[in-house]
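upload-v7.tsv follows (TSV, C-alpha atoms and all ligand atoms):
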chain	number	residue	atom	x	y	z
A	1	MET	CA	0.00	0.00	0.00
A	2	PRO	CA	1.53	3.39	-0.95
A	3	ASN	CA	2.43	5.36	2.14
A	4	PHE	CA	3.13	9.11	2.00
A	5	GLU	CA	4.73	10.70	5.03
A	6	ILE	CA	3.09	14.09	5.65
A	7	ARG	CA	5.29	16.67	7.36
A	8	VAL	CA	5.44	19.66	5.00
A	9	TRP	CA	3.15	21.09	2.32
A	10	VAL	CA	5.02	19.54	-0.60
A	11	ASP	CA	4.27	16.11	0.91
A	12	VAL	CA	0.56	16.86	0.49
A	13	LEU	CA	1.09	17.63	-3.18
A	14	ALA	CA	2.86	14.31	-3.74
A	15	ALA	CA	0.10	12.35	-2.00
A	16	ARG	CA	-2.58	14.26	-3.89
A	17	GLY	CA	-1.03	13.41	-7.26
A	18	ALA	CA	-0.65	9.75	-6.36
A	19	VAL	CA	-4.29	9.45	-5.25
A	20	LYS	CA	-5.47	11.08	-8.47
A	21	ALA	CA	-3.40	8.74	-10.64
A	22	PHE	CA	-4.48	5.65	-8.71
A	23	ALA	CA	-8.15	6.65	-8.88
A	24	GLY	CA	-7.82	6.90	-12.66
A	25	GLU	CA	-6.38	3.37	-12.78
A	26	LEU	CA	-9.38	2.14	-10.76
A	27	GLY	CA	-11.81	3.52	-13.34
A	28	PHE	CA	-12.93	6.82	-11.83
A	29	GLN	CA	-13.79	9.52	-14.36
A	30	PRO	CA	-11.47	12.55	-14.64
A	31	ARG	CA	-13.80	14.83	-12.65
A	32	GLU	CA	-14.02	12.17	-9.94
A	33	THR	CA	-10.25	11.73	-9.81
A	34	THR	CA	-9.98	15.49	-9.30
A	35	GLU	CA	-12.46	15.30	-6.44
A	36	LEU	CA	-10.47	12.48	-4.87
A	37	ALA	CA	-7.32	14.58	-5.25
A	38	ILE	CA	-9.11	17.36	-3.35
A	39	VAL	CA	-10.08	14.85	-0.65
A	40	ALA	CA	-6.43	13.82	-0.30
A	41	SER	CA	-5.32	17.48	-0.21
A	42	GLU	CA	-7.82	18.39	2.48
A	43	LEU	CA	-7.00	15.45	4.72
A	44	GLY	CA	-3.28	15.93	4.12
A	45	SER	CA	-3.36	19.66	4.84
A	46	ASN	CA	-5.31	19.03	8.04
A	47	ILE	CA	-2.57	16.64	9.18
A	48	ILE	CA	-0.07	19.49	8.94
A	49	LYS	CA	-2.38	22.14	10.39
A	50	TYR	CA	-3.89	20.16	13.26
A	51	GLY	CA	-2.35	16.69	13.42
A	52	ARG	CA	1.31	17.70	13.77
A	53	HIS	CA	2.51	15.07	11.28
A	54	GLY	CA	1.39	11.72	9.96
A	55	CYS	CA	0.90	9.84	6.76
A	56	LEU	CA	-1.59	9.32	3.98
A	57	THR	CA	-2.18	5.89	2.48
A	58	PHE	CA	-4.64	4.57	-0.06
A	59	SER	CA	-5.77	1.26	-1.50
A	60	GLY	CA	-8.28	-0.24	-3.89
A	61	LEU	CA	-11.52	-1.81	-2.68
A	62	GLU	CA	-13.02	-4.96	-4.17
A	63	PRO	CA	-16.05	-4.41	-6.43
A	64	GLN	CA	-19.35	-4.23	-4.57
A	65	GLU	CA	-22.69	-5.25	-6.05
A	66	GLY	CA	-23.68	-2.48	-8.48
A	67	ARG	CA	-21.03	-0.08	-7.21
A	68	GLY	CA	-17.88	-1.24	-8.93
A	69	ARG	CA	-14.44	-0.93	-7.45
A	70	GLY	CA	-13.56	1.67	-4.89
A	71	ILE	CA	-10.78	3.53	-3.19
A	72	SER	CA	-9.99	3.91	0.47
A	73	VAL	CA	-7.91	6.87	1.66
A	74	VAL	CA	-6.51	6.84	5.18
A	75	ALA	CA	-5.11	9.94	6.88
A	76	ARG	CA	-3.23	9.03	10.05
A	77	ASP	CA	-1.88	11.71	12.34
A	78	TYR	CA	-0.21	12.11	15.71
A	79	GLY	CA	-2.18	15.12	16.87
A	80	PRO	CA	-4.96	15.70	19.43
A	81	PRO	CA	-8.49	14.33	18.97
A	82	PHE	CA	-11.30	16.40	17.48
A	83	HIS	CA	-12.94	18.47	20.19
A	84	ASP	CA	-16.34	17.80	18.52
A	85	LEU	CA	-16.32	15.95	15.22
A	86	SER	CA	-19.95	16.70	14.36
A	87	ILE	CA	-19.19	20.43	14.55
A	88	ALA	CA	-15.90	20.07	12.65
A	89	LEU	CA	-17.79	18.50	9.74
A	90	GLN	CA	-20.03	21.54	9.35
A	91	ASP	CA	-19.07	24.15	6.76
A	92	GLY	CA	-17.62	27.33	8.23
A	93	CYS	CA	-16.75	25.75	11.57
A	94	ASP	CA	-13.65	24.62	13.40
A	95	ASP	CA	-14.10	21.75	15.84
A	96	ARG	CA	-15.71	24.00	18.48
A	97	GLY	CA	-18.17	26.10	16.54
A	98	PRO	CA	-18.72	28.63	13.74
A	99	LEU	CA	-15.70	30.68	12.71
A	100	ASP	CA	-15.98	34.39	13.28
A	101	PRO	CA	-15.56	36.12	9.89
A	102	MET	CA	-12.85	38.31	11.44
A	103	GLN	CA	-10.87	35.16	12.26
A	104	LEU	CA	-10.70	34.27	8.57
A	105	LEU	CA	-8.24	37.10	8.00
A	106	HIS	CA	-5.74	35.50	10.33
A	107	ARG	CA	-6.17	31.76	9.96
A	108	LYS	CA	-5.43	29.24	7.26
A	109	GLY	CA	-8.73	28.00	5.88
A	110	ILE	CA	-12.42	28.75	6.04
A	111	GLY	CA	-13.53	25.62	7.86
A	112	GLY	CA	-14.80	24.07	4.65
A	113	GLY	CA	-12.43	21.19	4.04
A	114	LEU	CA	-14.07	18.36	5.95
A	115	GLY	CA	-17.55	19.29	4.68
A	116	ALA	CA	-16.18	19.02	1.15
A	117	VAL	CA	-14.56	15.68	1.95
A	118	LEU	CA	-17.93	14.40	3.23
A	119	ARG	CA	-19.69	15.45	0.03
A	120	MET	CA	-17.08	13.86	-2.19
A	121	THR	CA	-16.96	10.46	-0.51
A	122	HIS	CA	-19.35	7.62	0.33
A	123	SER	CA	-18.10	6.89	3.84
A	124	PHE	CA	-16.17	8.81	6.48
A	125	ALA	CA	-14.92	7.49	9.81
A	126	VAL	CA	-12.50	8.60	12.51
A	127	HIS	CA	-10.71	5.93	14.56
A	128	PRO	CA	-9.00	7.17	17.73
A	129	LEU	CA	-5.54	5.71	18.38
A	130	SER	CA	-3.43	5.80	21.53
A	131	ASP	CA	-1.08	8.31	19.90
A	132	GLY	CA	-3.37	10.13	17.47
A	133	LYS	CA	-6.10	9.10	15.10
A	134	GLU	CA	-6.94	7.75	11.68
A	135	ILE	CA	-9.50	9.21	9.29
A	136	VAL	CA	-10.76	6.68	6.74
A	137	VAL	CA	-12.83	7.67	3.71
A	138	THR	CA	-14.06	5.53	0.84
A	139	ARG	CA	-15.63	6.12	-2.52
A	140	HIS	CA	-16.88	3.69	-5.13
A	141	VAL	CA	-16.84	4.09	-8.89
A	142	LYS	CA	-20.57	3.58	-9.39
A	143	GLY	CA	-23.73	3.62	-7.38
A	144	PRO	CA	-25.40	6.56	-5.70
A	145	GLY	CA	-23.56	9.85	-6.09
A	146	ALA	CA	-21.30	10.90	-3.31
A	147	ARG	CA	-23.21	12.45	-0.44
A	148	GLY	CA	-24.63	15.89	-0.89
A	149	ARG	CA	-25.17	15.58	-4.64
B	201	LIG	N1	-6.48	16.11	11.69
B	201	LIG	C1	-7.12	16.90	12.56
B	201	LIG	N2	-6.83	16.83	13.88
B	201	LIG	C2	-7.47	17.61	14.78
B	201	LIG	N3	-8.41	18.51	14.46
B	201	LIG	C3	-8.72	18.64	13.15
B	201	LIG	C4	-8.10	17.84	12.14
B	201	LIG	N4	-8.64	18.18	10.94
B	201	LIG	C5	-9.53	19.14	11.20
B	201	LIG	N5	-9.59	19.43	12.52
B	201	LIG	C6	-10.50	20.41	13.17
B	201	LIG	O1	-11.70	20.42	12.42
B	201	LIG	C7	-11.94	21.73	11.92
B	201	LIG	C8	-12.59	21.65	10.55
B	201	LIG	O2	-11.66	21.17	9.59
B	201	LIG	P1	-11.76	21.68	8.11
B	201	LIG	O3	-10.74	20.97	7.33
B	201	LIG	O4	-13.19	21.59	7.67
B	201	LIG	O5	-11.44	23.24	8.23
B	201	LIG	P2	-10.05	24.05	8.19
B	201	LIG	O6	-8.91	23.12	7.92
B	201	LIG	O7	-9.99	24.85	9.45
B	201	LIG	O8	-10.25	25.03	6.94
B	201	LIG	P3	-10.19	24.62	5.39
B	201	LIG	O9	-10.26	23.13	5.32
B	201	LIG	O10	-11.35	25.31	4.79
B	201	LIG	O11	-8.85	25.11	4.90
B	201	LIG	C9	-10.59	22.41	11.94
B	201	LIG	O12	-10.74	23.81	12.00
B	201	LIG	C10	-9.95	21.83	13.19
B	201	LIG	O13	-10.47	22.48	14.34
B	202	MG	MG	-9.02	21.70	6.32

For this file, produce the structure as structure tokens.
Amino acid sequence: MPNFEIRVWVDVLAARGAVKAFAGELGFQPRETTELAIVASELGSNIIKYGRHGCLTFSGLEPQEGRGRGISVVARDYGPPFHDLSIALQDGCDDRGPLDPMQLLHRKGIGGGLGAVLRMTHSFAVHPLSDGKEIVVTRHVKGPGARGR
């Protein structure tokens, strides 16, 4: 399974490109491979911003009835847990609540990454670990559109 260490921004770019290429090999359409590249970018950039450091891995999923093959992307980091995951998944929020518009001038990001990841994938899970956590997302080639569409 390809494993991309994530410590600096250029690491995110490398992982993003690899996910996009692999998704194309699995049979995802170009627009879908771009969405999966965005998913990898978002999860990878969050590792650097909030998870200290970690790694991004991905693998193919066996075909499911009517849904074709799939991809699993795992973002593992060594940072603190989400304060409140359900809030973090909402657009315009950090993991405690809505972002004040004035904060946006001084912080990296608008609190929109995880909401986008949710909409561009079919499943999303966070697994706490003793020394960090693992975020696992999956998407299949066919079947119902990714959530939110
Ligand atoms: N790997 C992580 N570890 C701990 N907290 C995280 C992690 N990823 C995200 N968070 C928390 O969840 C919030 C929402 O994440 P999200 O990616 O949606 O927004 P953002 O990174 O702040 O901004 P954007 O993604 O728009 O650049 C973050 O602001 C942060 O509080
Ligand atoms: Mg983000």

Report, as lines of an AutoDock Vina configuration file, the axis-aligned box around all atoms of ligand LIG 201 (chain B) present in the file, extended by 4 Å on each side; give centre and edge lengths in Å to one decimal place.
center_x = -9.8
center_y = 20.7
center_z = 9.8
size_x = 14.7
size_y = 17.2
size_z = 18.0

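Those residues that approach Lys133 (chain A) to within 8 Å, counting all atoms listed in the file, are A:Arg76, A:Asp77, A:Tyr78, A:Gly79, A:Pro80, A:Pro81, A:Val126, A:His127, A:Pro128; same-chain residues fewer than 5 positions away are not listed.
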
Just write the chosen residues, C-alpha atoms, as a tab-separated table (two decimals), in the coordinates of the input.
chain	number	residue	atom	x	y	z
A	76	ARG	CA	-3.23	9.03	10.05
A	77	ASP	CA	-1.88	11.71	12.34
A	78	TYR	CA	-0.21	12.11	15.71
A	79	GLY	CA	-2.18	15.12	16.87
A	80	PRO	CA	-4.96	15.70	19.43
A	81	PRO	CA	-8.49	14.33	18.97
A	126	VAL	CA	-12.50	8.60	12.51
A	127	HIS	CA	-10.71	5.93	14.56
A	128	PRO	CA	-9.00	7.17	17.73

Checklist entry - For the atom pair CA of Ala88 (chain A) and CA of Thr121 (chain A), what is the interatomic distance in Å to one decimal place? => result 16.3 Å

Counting all atoms listed in the file, give me one row per residue of region 40-97 of chain A with an atom at most 9 Å from an atom of region 18-32 of chain A, showing the shortest contact pair and its distance in Å to one decimal, sorted by chain then residue number, as a tab-separated table.
residue	atom	partner	partner_atom	distance
A:Ala40	CA	A:Val19	CA	6.9
A:Thr57	CA	A:Val19	CA	8.8
A:Phe58	CA	A:Val19	CA	7.1
A:Ser59	CA	A:Phe22	CA	8.5
A:Gly60	CA	A:Leu26	CA	7.4
A:Gly68	CA	A:Gly27	CA	8.9
A:Arg69	CA	A:Leu26	CA	6.8
A:Gly70	CA	A:Leu26	CA	7.2
A:Ile71	CA	A:Ala23	CA	7.0
A:Val73	CA	A:Val19	CA	8.2

Next on the checklist: At a cut-off of 10 Å and counting all atoms listed in the file, what residues surround ligand MG 202 (chain B)? Please answer as a PyMOL selection string.
Outcome noted: chain A and resi 39+41-50+88-89+94+108-117

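The nearest approach to Arg67 (chain A) among the residues A:Val12, A:Leu85, A:Val141, A:Leu104, with all atoms listed in the file taken into account, belongs to A:Val141.
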
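When atom C4 of ligand LIG 201 (chain B) is paired with CA of Thr33 (chain A), their separation reads 22.9 Å.
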
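Across A:Gly54, A:Gly92, A:Pro63, A:Gly97, the tightest approach to Arg139 (chain A) is made by A:Pro63 when counting all atoms listed in the file.
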
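What separates CA of Arg7 (chain A) from CA of Cys55 (chain A) is a distance of 8.1 Å.
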